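Next up, model.txt (compact mmCIF, C-alpha atoms and all ligand atoms):
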```txt
# COMPACT_ATOMS: atom_id res chain seq x y z
CA MET A 1 0.00 0.00 0.00
CA SER A 2 1.18 3.55 -0.62
CA ALA A 3 1.38 5.79 2.43
CA LEU A 4 -1.63 7.86 3.50
CA LEU A 5 -0.17 11.32 3.54
CA PRO A 6 -0.62 13.78 6.40
CA GLY A 7 -2.68 16.80 5.47
CA THR A 8 -4.93 14.86 3.12
CA ALA A 9 -6.01 11.61 4.78
CA THR A 10 -8.58 10.89 7.51
CA LEU A 11 -7.92 8.28 10.21
CA GLY A 12 -10.65 6.46 12.12
CA VAL A 13 -10.60 5.04 15.64
CA LEU A 14 -12.92 2.42 17.10
CA GLY A 15 -13.29 3.33 20.76
CA GLY A 16 -13.33 6.71 22.43
CA GLY A 17 -11.34 6.32 25.66
CA GLN A 18 -8.10 8.02 26.68
CA LEU A 19 -5.97 5.88 24.37
CA GLY A 20 -8.10 7.00 21.44
CA ARG A 21 -7.85 10.59 22.62
CA MET A 22 -4.05 10.53 22.72
CA PHE A 23 -3.99 8.80 19.31
CA VAL A 24 -6.19 11.59 17.92
CA HIS A 25 -3.92 14.25 19.43
CA ALA A 26 -0.86 12.65 17.79
CA ALA A 27 -2.62 12.24 14.44
CA GLN A 28 -3.92 15.81 14.43
CA ALA A 29 -0.46 17.13 15.31
CA MET A 30 0.72 15.53 12.05
CA GLY A 31 -2.16 17.01 10.05
CA TYR A 32 -4.58 14.08 9.81
CA ARG A 33 -8.31 14.46 10.34
CA CYS A 34 -9.79 11.98 12.80
CA ILE A 35 -13.15 10.31 13.26
CA VAL A 36 -13.99 8.36 16.41
CA LEU A 37 -16.74 5.76 16.66
CA ASP A 38 -17.95 5.23 20.24
CA PRO A 39 -21.44 4.83 21.70
CA ASP A 40 -20.71 7.18 24.63
CA ALA A 41 -21.79 10.79 23.95
CA ASP A 42 -19.22 11.92 26.54
CA SER A 43 -16.19 10.03 25.19
CA PRO A 44 -12.69 11.49 25.79
CA ALA A 45 -11.59 10.84 22.18
CA GLY A 46 -14.89 11.85 20.62
CA ALA A 47 -14.53 15.24 22.30
CA VAL A 48 -11.28 16.03 20.42
CA ALA A 49 -11.82 14.31 17.05
CA GLU A 50 -13.11 16.28 14.04
CA LYS A 51 -16.12 13.98 14.12
CA HIS A 52 -17.68 11.61 16.65
CA ILE A 53 -19.96 8.89 15.32
CA LYS A 54 -22.10 7.93 18.30
CA ALA A 55 -22.89 4.33 17.47
CA ASP A 56 -22.41 0.86 18.82
CA TYR A 57 -19.40 -1.14 17.56
CA LEU A 58 -21.68 -3.53 15.71
CA ASP A 59 -24.00 -0.88 14.27
CA SER A 60 -23.74 -1.46 10.52
CA LEU A 61 -24.73 2.11 9.62
CA GLY A 62 -22.12 3.55 11.97
CA LEU A 63 -19.42 1.24 10.63
CA ALA A 64 -20.40 2.07 7.03
CA GLN A 65 -20.14 5.79 7.78
CA LEU A 66 -16.72 5.29 9.39
CA ALA A 67 -15.51 3.31 6.37
CA ARG A 68 -16.91 5.88 3.93
CA ASP A 69 -15.24 8.85 5.60
CA CYS A 70 -11.87 7.36 6.67
CA ASP A 71 -8.86 6.17 4.69
CA ALA A 72 -7.61 3.85 7.44
CA ILE A 73 -8.99 2.66 10.76
CA THR A 74 -7.51 1.46 14.05
CA THR A 75 -8.84 0.41 17.44
CA GLU A 76 -7.98 1.73 20.87
CA PHE A 77 -9.20 -1.20 22.96
CA GLU A 78 -9.00 -4.94 22.51
CA ASN A 79 -12.57 -5.81 23.35
CA VAL A 80 -13.99 -4.19 20.25
CA PRO A 81 -15.75 -7.04 18.43
CA ALA A 82 -13.18 -8.53 16.03
CA VAL A 83 -15.96 -8.88 13.45
CA ALA A 84 -16.30 -5.06 13.39
CA LEU A 85 -12.63 -4.82 12.34
CA GLU A 86 -13.13 -7.56 9.78
CA THR A 87 -16.17 -5.79 8.30
CA LEU A 88 -14.21 -2.54 8.02
CA ALA A 89 -11.22 -4.38 6.52
CA ASN A 90 -13.35 -5.30 3.49
CA MET A 91 -13.52 -1.60 2.67
CA ARG A 92 -10.48 0.12 4.18
CA VAL A 93 -6.98 -0.34 5.58
CA VAL A 94 -7.40 -1.65 9.14
CA ALA A 95 -4.55 -2.09 11.62
CA PRO A 96 -4.16 -4.06 13.79
CA SER A 97 -6.14 -6.77 12.01
CA GLY A 98 -9.27 -8.34 13.44
CA ALA A 99 -7.40 -11.66 13.53
CA ALA A 100 -4.57 -10.23 15.69
CA VAL A 101 -7.04 -8.52 18.02
CA ALA A 102 -9.03 -11.77 18.32
CA VAL A 103 -5.91 -13.55 19.63
CA CYS A 104 -5.51 -10.90 22.35
CA GLN A 105 -9.20 -11.13 23.34
CA ASP A 106 -8.94 -14.66 24.65
CA ARG A 107 -6.32 -15.67 27.24
CA ALA A 108 -6.37 -19.30 26.14
CA VAL A 109 -5.80 -18.43 22.48
CA GLU A 110 -3.21 -15.82 23.48
CA LYS A 111 -1.22 -18.34 25.51
CA ALA A 112 -1.34 -20.84 22.65
CA HIS A 113 0.04 -18.07 20.41
CA PHE A 114 2.91 -17.38 22.83
CA GLU A 115 3.79 -21.07 22.90
CA ALA A 116 3.62 -21.33 19.10
CA ALA A 117 5.92 -18.29 18.86
CA GLY A 118 8.41 -20.06 21.16
CA VAL A 119 7.99 -17.63 24.06
CA PRO A 120 7.49 -19.15 27.55
CA CYS A 121 4.37 -18.22 29.57
CA ALA A 122 3.06 -19.30 33.00
CA PRO A 123 2.13 -22.99 33.42
CA HIS A 124 -1.64 -23.09 32.97
CA ALA A 125 -4.73 -25.12 32.13
CA VAL A 126 -7.81 -24.17 30.14
CA ILE A 127 -11.11 -24.86 31.93
CA THR A 128 -14.30 -24.93 29.86
CA ASN A 129 -16.11 -28.00 31.32
CA ASP A 130 -16.23 -30.35 34.33
CA ILE A 131 -13.87 -32.85 32.77
CA GLU A 132 -11.16 -30.20 32.30
CA LEU A 133 -11.83 -28.93 35.83
CA ALA A 134 -11.34 -32.41 37.31
CA ALA A 135 -8.22 -32.98 35.21
CA VAL A 136 -6.36 -29.88 36.48
CA ASP A 137 -2.82 -30.78 37.52
CA PRO A 138 -2.50 -30.05 41.27
CA SER A 139 0.96 -28.58 40.61
CA LEU A 140 -0.87 -25.51 39.17
CA LEU A 141 -2.10 -24.68 42.71
CA PRO A 142 -1.91 -22.21 44.31
CA GLY A 143 -2.99 -20.39 41.19
CA ILE A 144 -5.07 -17.60 39.71
CA LEU A 145 -8.28 -18.42 37.90
CA LYS A 146 -8.87 -15.86 35.14
CA THR A 147 -11.81 -15.54 32.77
CA SER A 148 -10.56 -16.17 29.24
CA ARG A 149 -12.34 -13.12 27.89
CA MET A 150 -13.09 -9.53 28.93
CA GLY A 151 -10.72 -9.34 31.92
CA TYR A 152 -8.75 -6.13 32.56
CA ASP A 153 -7.22 -4.29 35.50
CA GLY A 154 -7.40 -7.49 37.60
CA LYS A 155 -11.13 -7.96 37.04
CA GLY A 156 -12.43 -11.50 36.53
CA GLN A 157 -9.60 -13.07 38.58
CA VAL A 158 -9.71 -15.22 41.70
CA ARG A 159 -6.80 -16.67 43.68
CA VAL A 160 -7.31 -20.32 44.58
CA SER A 161 -5.24 -22.73 46.71
CA THR A 162 -7.09 -26.05 46.65
CA PRO A 163 -9.15 -28.06 44.13
CA ALA A 164 -12.27 -27.25 46.20
CA GLU A 165 -11.56 -23.51 46.08
CA LEU A 166 -10.94 -23.81 42.34
CA ALA A 167 -14.32 -25.49 41.79
CA ALA A 168 -16.09 -22.87 43.93
CA ALA A 169 -14.33 -19.98 42.15
CA TRP A 170 -15.25 -21.35 38.73
CA ALA A 171 -18.88 -21.66 39.86
CA ASP A 172 -18.72 -18.02 41.09
CA LEU A 173 -17.44 -16.98 37.66
CA LYS A 174 -20.60 -18.58 36.22
CA ARG A 175 -18.57 -21.39 34.63
CA VAL A 176 -17.47 -19.20 31.71
CA PRO A 177 -14.32 -20.40 29.90
CA CYS A 178 -11.33 -19.73 32.14
CA VAL A 179 -7.59 -20.19 32.37
CA LEU A 180 -5.99 -21.36 35.61
CA GLU A 181 -2.44 -20.05 35.93
CA GLN A 182 0.12 -21.16 38.45
CA LEU A 183 0.81 -18.36 40.95
CA LEU A 184 4.38 -17.35 40.15
CA PRO A 185 6.89 -15.70 42.50
CA LEU A 186 7.33 -12.30 40.83
CA ARG A 187 10.46 -10.23 41.25
CA ARG A 188 9.22 -7.45 38.97
CA GLU A 189 6.73 -6.85 36.20
CA LEU A 190 8.12 -5.58 32.91
CA SER A 191 6.67 -4.65 29.54
CA VAL A 192 7.97 -4.00 26.05
CA LEU A 193 6.27 -1.95 23.36
CA VAL A 194 6.99 -2.62 19.73
CA ALA A 195 5.72 -0.94 16.58
CA ARG A 196 5.55 -3.02 13.42
CA GLY A 197 4.85 -1.81 9.90
CA ALA A 198 2.96 -3.58 7.13
CA ASP A 199 6.35 -4.19 5.47
CA GLY A 200 7.54 -6.16 8.51
CA GLN A 201 9.84 -3.46 9.90
CA VAL A 202 9.85 -3.63 13.73
CA VAL A 203 11.12 -1.05 16.21
CA ASN A 204 10.92 -1.15 20.01
CA TRP A 205 11.03 1.13 23.01
CA PRO A 206 13.24 0.21 26.00
CA VAL A 207 12.09 -2.28 28.64
CA GLN A 208 9.62 -0.71 31.11
CA GLN A 209 9.14 -1.65 34.77
CA ASN A 210 5.57 -1.62 36.06
CA LEU A 211 4.14 -1.54 39.56
CA HIS A 212 0.47 -2.48 39.96
CA ARG A 213 -1.79 -1.63 42.89
CA GLY A 214 -5.06 -3.50 43.25
CA GLY A 215 -4.62 -4.99 39.76
CA ILE A 216 -4.29 -1.52 38.13
CA LEU A 217 -1.04 -0.07 36.82
CA ALA A 218 0.24 2.55 39.26
CA VAL A 219 3.83 3.41 38.29
CA THR A 220 6.07 2.81 35.25
CA GLU A 221 9.81 3.44 35.41
CA VAL A 222 12.17 3.56 32.45
CA PRO A 223 14.94 2.50 32.39
CA ALA A 224 13.77 -0.50 34.39
CA PRO A 225 16.05 -0.53 37.45
CA ASP A 226 18.38 -3.50 38.02
CA VAL A 227 17.32 -5.51 34.97
CA PRO A 228 20.33 -7.55 33.78
CA ALA A 229 21.32 -7.17 30.12
CA GLU A 230 20.33 -10.77 29.40
CA VAL A 231 16.76 -10.31 30.72
CA ASP A 232 16.50 -7.06 28.78
CA ARG A 233 17.64 -8.81 25.58
CA LEU A 234 15.23 -11.72 26.10
CA ALA A 235 12.25 -9.40 26.70
CA VAL A 236 12.87 -7.38 23.54
CA ALA A 237 13.50 -10.51 21.45
CA ALA A 238 10.30 -12.16 22.77
CA ALA A 239 8.20 -9.07 22.02
CA ARG A 240 9.50 -8.89 18.47
CA GLN A 241 8.94 -12.63 17.97
CA VAL A 242 5.33 -12.37 19.16
CA ALA A 243 4.65 -9.40 16.85
CA ASP A 244 6.23 -11.15 13.85
CA ALA A 245 4.31 -14.37 14.50
CA LEU A 246 1.03 -12.39 14.46
CA ASN A 247 2.07 -10.53 11.29
CA TYR A 248 1.08 -7.56 13.43
CA VAL A 249 0.71 -3.98 12.16
CA GLY A 250 0.73 -1.16 14.72
CA VAL A 251 1.85 -0.75 18.32
CA LEU A 252 1.76 -3.88 20.47
CA CYS A 253 2.55 -4.16 24.19
CA ILE A 254 3.82 -7.38 25.75
CA GLU A 255 3.73 -7.73 29.53
CA PHE A 256 6.23 -9.99 31.32
CA PHE A 257 6.81 -11.49 34.74
CA TRP A 258 10.45 -11.48 35.83
CA LEU A 259 10.58 -14.24 38.42
CA THR A 260 12.57 -14.49 41.64
CA ASP A 261 14.62 -17.34 40.10
CA GLY A 262 15.62 -14.99 37.25
CA ARG A 263 13.41 -16.50 34.53
CA LEU A 264 11.31 -14.31 32.28
CA VAL A 265 7.81 -15.40 31.23
CA VAL A 266 5.27 -13.53 29.15
CA ASN A 267 2.00 -12.59 30.90
CA GLU A 268 -0.30 -11.04 28.31
CA MET A 269 -0.37 -8.60 25.42
CA ALA A 270 -2.43 -5.62 24.31
CA PRO A 271 -3.00 -4.86 20.60
CA ARG A 272 -2.68 -1.08 20.97
CA PRO A 273 -0.70 1.62 22.73
CA HIS A 274 -0.53 0.80 26.44
CA ASN A 275 -0.68 2.58 29.77
CA SER A 276 2.91 1.48 30.50
CA GLY A 277 4.04 3.36 27.37
CA HIS A 278 2.64 6.77 28.32
CA TRP A 279 6.10 7.93 29.45
CA THR A 280 7.12 7.94 25.75
CA MET A 281 5.07 11.15 25.32
CA ASN A 282 7.75 13.08 27.23
CA GLY A 283 10.78 10.83 27.78
CA CYS A 284 11.40 9.70 24.23
CA ASN A 285 11.99 11.25 20.81
CA VAL A 286 8.85 9.53 19.49
CA SER A 287 5.69 8.56 21.41
CA GLN A 288 3.78 5.30 21.15
CA PHE A 289 0.83 7.24 19.72
CA GLU A 290 2.90 8.82 16.97
CA LEU A 291 4.15 5.40 15.86
CA GLN A 292 0.61 4.01 15.97
CA VAL A 293 -0.34 6.79 13.56
CA ARG A 294 2.67 6.13 11.34
CA ALA A 295 2.14 2.34 11.28
CA LEU A 296 -1.53 2.83 10.34
CA ALA A 297 -0.68 5.36 7.64
CA GLY A 298 2.14 3.25 6.18
CA LEU A 299 4.81 5.83 7.02
CA PRO A 300 8.40 4.96 8.03
CA LEU A 301 8.95 3.95 11.68
CA PRO A 302 11.94 5.68 13.31
CA GLU A 303 13.82 3.76 16.00
CA PRO A 304 12.65 5.20 19.37
CA ARG A 305 15.39 6.85 21.41
CA GLN A 306 14.88 7.62 25.09
CA HIS A 307 16.30 11.04 25.94
CA SER A 308 15.25 11.32 29.62
CA ALA A 309 14.97 9.00 32.58
CA SER A 310 11.23 8.69 33.12
CA VAL A 311 8.66 7.83 35.75
CA MET A 312 4.93 7.72 34.97
CA LEU A 313 2.38 7.99 37.77
CA ASN A 314 -1.17 6.94 36.94
CA LEU A 315 -3.76 9.37 38.26
CA LEU A 316 -6.83 7.48 39.42
CA GLY A 317 -10.10 9.12 40.46
CA ASP A 318 -9.26 8.26 44.08
CA LEU A 319 -6.92 11.29 44.15
CA TRP A 320 -9.95 13.54 43.79
CA PHE A 321 -11.34 12.14 47.04
CA SER A 322 -8.28 12.44 49.29
CA GLU A 323 -10.04 14.94 51.53
CA ALA A 324 -13.45 14.68 53.16
CA GLY A 325 -16.33 15.99 51.10
CA GLY A 326 -17.06 16.00 47.40
CA PRO A 327 -14.51 15.45 44.65
CA THR A 328 -11.86 18.17 44.39
CA PRO A 329 -9.05 18.18 41.84
CA PRO A 330 -5.52 17.72 43.21
CA ALA A 331 -3.34 20.83 43.63
CA TRP A 332 -1.87 20.73 40.12
CA ASP A 333 -0.21 24.14 40.56
CA ARG A 334 1.95 22.70 43.36
CA VAL A 335 2.67 19.43 41.54
CA LEU A 336 3.62 21.25 38.34
CA ALA A 337 6.13 23.37 40.24
CA LEU A 338 8.28 20.23 40.55
CA PRO A 339 10.98 19.98 37.86
CA GLY A 340 10.30 17.79 34.83
CA THR A 341 6.61 17.20 35.49
CA HIS A 342 4.21 16.83 32.54
CA LEU A 343 0.49 16.49 33.23
CA HIS A 344 -1.90 14.61 30.95
CA LEU A 345 -5.59 14.64 31.87
CA TYR A 346 -8.13 12.78 29.78
CA GLY A 347 -11.05 15.21 29.95
CA LYS A 348 -13.28 12.95 32.04
CA SER A 349 -15.74 15.10 33.91
CA ASP A 350 -16.60 12.85 36.84
CA ALA A 351 -13.90 11.37 39.04
CA ARG A 352 -14.62 7.89 40.38
CA HIS A 353 -12.59 5.49 42.48
CA GLY A 354 -10.35 3.35 40.26
CA ARG A 355 -11.12 5.45 37.15
CA LYS A 356 -8.09 6.45 35.08
CA MET A 357 -8.32 10.26 34.99
CA GLY A 358 -4.85 11.00 33.63
CA HIS A 359 -1.14 10.44 34.20
CA LEU A 360 1.84 12.47 35.32
CA ASN A 361 5.10 11.98 33.45
CA ILE A 362 8.32 12.93 35.20
CA THR A 363 11.50 13.36 33.20
CA ALA A 364 15.01 13.95 34.52
CA ASP A 365 18.68 13.52 33.67
CA SER A 366 19.04 10.44 35.88
CA PRO A 367 16.73 7.68 37.14
CA GLU A 368 17.53 8.76 40.71
CA ALA A 369 16.42 12.34 40.03
CA ALA A 370 13.23 11.20 38.30
CA HIS A 371 12.50 8.86 41.18
CA ALA A 372 13.01 11.62 43.78
CA VAL A 373 10.59 13.98 41.99
CA ALA A 374 8.08 11.13 41.60
CA GLN A 375 8.17 10.57 45.35
CA GLN A 376 7.58 14.27 46.03
CA ALA A 377 4.71 14.35 43.53
CA ALA A 378 3.14 11.22 45.00
CA ALA A 379 3.34 12.72 48.49
CA MET A 380 1.61 15.93 47.31
CA LEU A 381 -1.08 13.94 45.55
CA GLY A 382 -1.73 12.14 48.83
P1 LIG B 401 -5.27 -7.98 33.57
O1 LIG B 401 -5.77 -8.36 32.21
O2 LIG B 401 -6.36 -7.66 34.50
O3 LIG B 401 -4.18 -6.94 33.50
P2 LIG B 401 -3.18 -9.87 34.35
O4 LIG B 401 -3.19 -11.27 33.86
O5 LIG B 401 -2.14 -8.98 33.80
O6 LIG B 401 -4.66 -9.31 34.14
O7 LIG B 401 -3.09 -9.91 35.94
C1 LIG B 401 -3.11 -8.73 36.73
C2 LIG B 401 -1.98 -8.73 37.74
O8 LIG B 401 -2.11 -9.88 38.62
C3 LIG B 401 -0.62 -8.89 37.11
O9 LIG B 401 -0.12 -7.65 36.67
C4 LIG B 401 0.18 -9.49 38.28
O10 LIG B 401 0.51 -8.49 39.23
C5 LIG B 401 -0.83 -10.42 38.94
N1 LIG B 401 -0.72 -11.79 38.36
C6 LIG B 401 -1.40 -12.23 37.27
N2 LIG B 401 -1.07 -13.50 36.97
C7 LIG B 401 -0.16 -13.89 37.87
C8 LIG B 401 0.57 -15.12 38.09
N3 LIG B 401 0.40 -16.19 37.31
N4 LIG B 401 1.43 -15.17 39.15
C9 LIG B 401 1.58 -14.08 39.95
N5 LIG B 401 0.94 -12.91 39.79
C10 LIG B 401 0.07 -12.79 38.77
MG MG B 402 -2.22 -7.10 32.81
```
As structure tokens, what does this structure read like?
Ligand code: ADP
Ligand code: MG
Amino acid sequence: MSALLPGTATLGVLGGGQLGRMFVHAAQAMGYRCIVLDPDADSPAGAVAEKHIKADYLDSLGLAQLARDCDAITTEFENVPAVALETLANMRVVAPSGAAVAVCQDRAVEKAHFEAAGVPCAPHAVITNDIELAAVDPSLLPGILKTSRMGYDGKGQVRVSTPAELAAAWADLKRVPCVLEQLLPLRRELSVLVARGADGQVVNWPVQQNLHRGGILAVTEVPAPDVPAEVDRLAVAAARQVADALNYVGVLCIEFFWLTDGRLVVNEMAPRPHNSGHWTMNGCNVSQFELQVRALAGLPLPEPRQHSASVMLNLLGDLWFSEAGGPTPPAWDRVLALPGTHLHLYGKSDARHGRKMGHLNITADSPEAAHAVAQQAAAMLG
């Protein structure tokens, strides 16, 4: 395909959350027009796009309008029905493909893909019926039972220690298809973002270290402290292998567990820019959103180069409730007085507990300096 040139082409996004919003910002900065399809009248991406089609993801009229008015279309979340992407792909350039997104939508299929690509993942068993439940190898316990589909931010997961707890947990999850994973001793959680073009060119950002609280990403640090060169090399090689094996086009994030015994196993992947890559907006010469735009448009992909040590703090709605009474925004004027702080808010009007409202990127000349400012900012945010 020939490249869709900035200044003339229109790019479409399925999904109107914050990832779509930051994609739209990056695309508009380059001169593309953007159209967002999302059912929510109040969507963060719909509010900044040139046009917001308020329709369901399976609404054929909405999809037809998106296809008619856009030259290429992407998605900003993995639970968009893969058939919507496939429908659009009959008419327009679509990246990532419905087939690649479908792999990421189902943990069982995803794990089979990792194994086929030669990348180790956690020991696990797929549970879809009583026979598979009874056949579970006891060595997988203690483990985490996860619904195969629709899980995110730790939702749809139950820790189980015995076969009886496993059976009860599966009943609680309404016996939907699940994956039981062995509970692994984690040293750290890492992730790697790659961008891959339709011509097979792959570039990657440096290995990121992620800290989760309550199943939700809280802090990302880059460079990842204390990661040995060999682990770093393995993580990048695995991410590239997974992207190649999917014939993937666009930005893909692979999450890893680095275990206490030093081994590296892949956890899961996301077929889109990722929360752990938000630091690239300020700490790198090219952001994950810019390369998502370029990959979709068929433009060259420059090799990302980190220019600043970076820490990203996720800003959840809880911060709006740190004092008694109704929601009040944090004291941004104080936080932004700290050196190297860059605020990104997603334009969500109502703060709620656990809701991702924005993120704060901190850049500095050294990881120690970035870390020190992050601690000050976190203390101010309460
Ligand atoms: P989600 O799709 O909700 O992000 P994950 O599979 O990434 O689900 O699990 C959420 C978090 O739970 C992980 O980031 C990790 O902290 C913990 N976790 C998940 N699986 C395991 C495991 N097999 N062993 C230990 N911890 C795990
Ligand atoms: Mg995860």
request  = Report as a ChimeraX atom specification which protein, DNA and RNA residues come within 8 Å of ligand LIG 401 (chain B), using only C-alpha atoms and all ligand atoms.
outcome  = /A:122,143-144,146,151-157,181-186,189,211-212,215-217,255,257,267-268
Output C-alpha atoms of each residue in that selection to a file, as a compact mmCIF listing (two decimals), in the frame of the given file.
```txt
# COMPACT_ATOMS: atom_id res chain seq x y z
CA ALA A 122 3.06 -19.30 33.00
CA GLY A 143 -2.99 -20.39 41.19
CA ILE A 144 -5.07 -17.60 39.71
CA LYS A 146 -8.87 -15.86 35.14
CA GLY A 151 -10.72 -9.34 31.92
CA TYR A 152 -8.75 -6.13 32.56
CA ASP A 153 -7.22 -4.29 35.50
CA GLY A 154 -7.40 -7.49 37.60
CA LYS A 155 -11.13 -7.96 37.04
CA GLY A 156 -12.43 -11.50 36.53
CA GLN A 157 -9.60 -13.07 38.58
CA GLU A 181 -2.44 -20.05 35.93
CA GLN A 182 0.12 -21.16 38.45
CA LEU A 183 0.81 -18.36 40.95
CA LEU A 184 4.38 -17.35 40.15
CA PRO A 185 6.89 -15.70 42.50
CA LEU A 186 7.33 -12.30 40.83
CA GLU A 189 6.73 -6.85 36.20
CA LEU A 211 4.14 -1.54 39.56
CA HIS A 212 0.47 -2.48 39.96
CA GLY A 215 -4.62 -4.99 39.76
CA ILE A 216 -4.29 -1.52 38.13
CA LEU A 217 -1.04 -0.07 36.82
CA GLU A 255 3.73 -7.73 29.53
CA PHE A 257 6.81 -11.49 34.74
CA ASN A 267 2.00 -12.59 30.90
CA GLU A 268 -0.30 -11.04 28.31
```
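Counting all atoms listed in the file, the residue from A:Cys284, A:Leu299, A:Cys253, A:Ala372 that sits nearest to ligand MG 402 (chain B) is A:Cys253.
Those residues that approach Ala198 in chain A to within 8 Å, counting only C-alpha atoms, are Gln201, Tyr248, Val249, Ala295 and Gly298 of chain A; same-chain residues fewer than 3 positions away are not listed.
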Can you spit out the residues from that selection as an mmCIF file, keeping the file's coordinate frame, using C-alpha atoms?
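Listing of selection-v1.cif after writing:
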```
data_model
loop_
_atom_site.group_PDB
_atom_site.id
_atom_site.type_symbol
_atom_site.label_atom_id
_atom_site.label_comp_id
_atom_site.auth_asym_id
_atom_site.auth_seq_id
_atom_site.Cartn_x
_atom_site.Cartn_y
_atom_site.Cartn_z
ATOM 1 C CA GLN A 201 9.840 -3.460 9.900
ATOM 2 C CA TYR A 248 1.080 -7.560 13.430
ATOM 3 C CA VAL A 249 0.710 -3.980 12.160
ATOM 4 C CA ALA A 295 2.140 2.340 11.280
ATOM 5 C CA GLY A 298 2.140 3.250 6.180
#
```
request  = Excluding Gln292 in chain A and any residue of its chain fewer than 4 positions from it, enumerate the residues within 8 Å of it, using only C-alpha atoms, and give them as a list of chain:residue names.
outcome  = A:Phe23, A:Ala195, A:Gly250, A:Val251, A:Arg272, A:Pro273, A:Gln288, A:Leu296
query = With all atoms listed in the file as the atoms that count, which of A:His274, A:Lys174, A:His353, A:Lys111 lies nearest to Val242 in chain A?
reply = A:Lys111
Two-atom distance - CA of Gly358 in chain A, CA of His342 in chain A (Å) =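 Between CA of Gly358 in chain A and CA of His342 in chain A the gap works out to 10.8 Å.
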ask   = Separation of CA of Ala55 in chain A and CA of Pro81 in chain A, in Å?
value =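 Atom-to-atom, CA of Ala55 in chain A and CA of Pro81 in chain A are spaced 13.5 Å apart.
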task = Could you tell me which of A:Asn79, A:Ser310, A:Asn90, A:Ser276 comes closest to ligand MG 402 (chain B) if we count only C-alpha atoms and all ligand atoms?
result = A:Ser276
message = Which residues are close to Tyr32 in chain A, i.e. within 8 Å by all atoms listed in the file, leaving aside same-chain residues fewer than 5 positions away? Reply as a PyMOL selection string.
response = chain A and resi 6-11+27
ask   = Of the residues A:Asp333, A:Ala218, A:Gln65, A:Asp232, which is the one nearest to Ala378 in chain A, using all atoms listed in the file?
value = A:Ala218
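Shortest atom-to-atom contact with Ala84 in chain A among A:Ala369, A:Ala125, A:Leu381, A:Leu63: A:Leu63, counting only C-alpha atoms.
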Quick one: residues within 9 Å of Ala89 in chain A, all atoms listed in the file counted, chain neighbours fewer than 6 positions away excluded, as a compact mmCIF listing (two decimals) with C-alpha atoms, in the coordinates of the input?
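out_12.txt, freshly written:
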```txt
# COMPACT_ATOMS: atom_id res chain seq x y z
CA ALA A 67 -15.51 3.31 6.37
CA ILE A 73 -8.99 2.66 10.76
CA ALA A 95 -4.55 -2.09 11.62
CA SER A 97 -6.14 -6.77 12.01
CA GLY A 98 -9.27 -8.34 13.44
```
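Distances from A:Leu338, A:Val207, A:Leu19, A:Ala351 to Ala239 in chain A were compared using all atoms listed in the file, and the smallest one belongs to A:Val207.
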Can you tell me, as a PDB file with C-alpha atoms, keeping the file's coordinate frame, which residues sit within 10 Å of (-15.4, 16.9, 14.5) in the file's frame, using all atoms listed in the file?
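Printed below is selection_9.pdb as written:
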```
ATOM      1  CA  ARG A  33      -8.310  14.460  10.340  1.00  0.00           C
ATOM      2  CA  CYS A  34      -9.790  11.980  12.800  1.00  0.00           C
ATOM      3  CA  ILE A  35     -13.150  10.310  13.260  1.00  0.00           C
ATOM      4  CA  VAL A  36     -13.990   8.360  16.410  1.00  0.00           C
ATOM      5  CA  GLY A  46     -14.890  11.850  20.620  1.00  0.00           C
ATOM      6  CA  ALA A  47     -14.530  15.240  22.300  1.00  0.00           C
ATOM      7  CA  VAL A  48     -11.280  16.030  20.420  1.00  0.00           C
ATOM      8  CA  ALA A  49     -11.820  14.310  17.050  1.00  0.00           C
ATOM      9  CA  GLU A  50     -13.110  16.280  14.040  1.00  0.00           C
ATOM     10  CA  LYS A  51     -16.120  13.980  14.120  1.00  0.00           C
ATOM     11  CA  HIS A  52     -17.680  11.610  16.650  1.00  0.00           C
ATOM     12  CA  ILE A  53     -19.960   8.890  15.320  1.00  0.00           C
TER      13      ILE A  53
END
```
ask   = Quick one, how far is CA of Thr147 in chain A from CA of Glu165 in chain A?
value =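 One can read the CA of Thr147 in chain A to CA of Glu165 in chain A distance as 15.5 Å.
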request  = Find the spatial neighbours of Ala364 in chain A, counting all atoms listed in the file, within a cut-off of 6 Å - ignore same-chain residues fewer than 3 positions away - and output them as a ChimeraX atom specification.
outcome  = /A:308-309,369-370
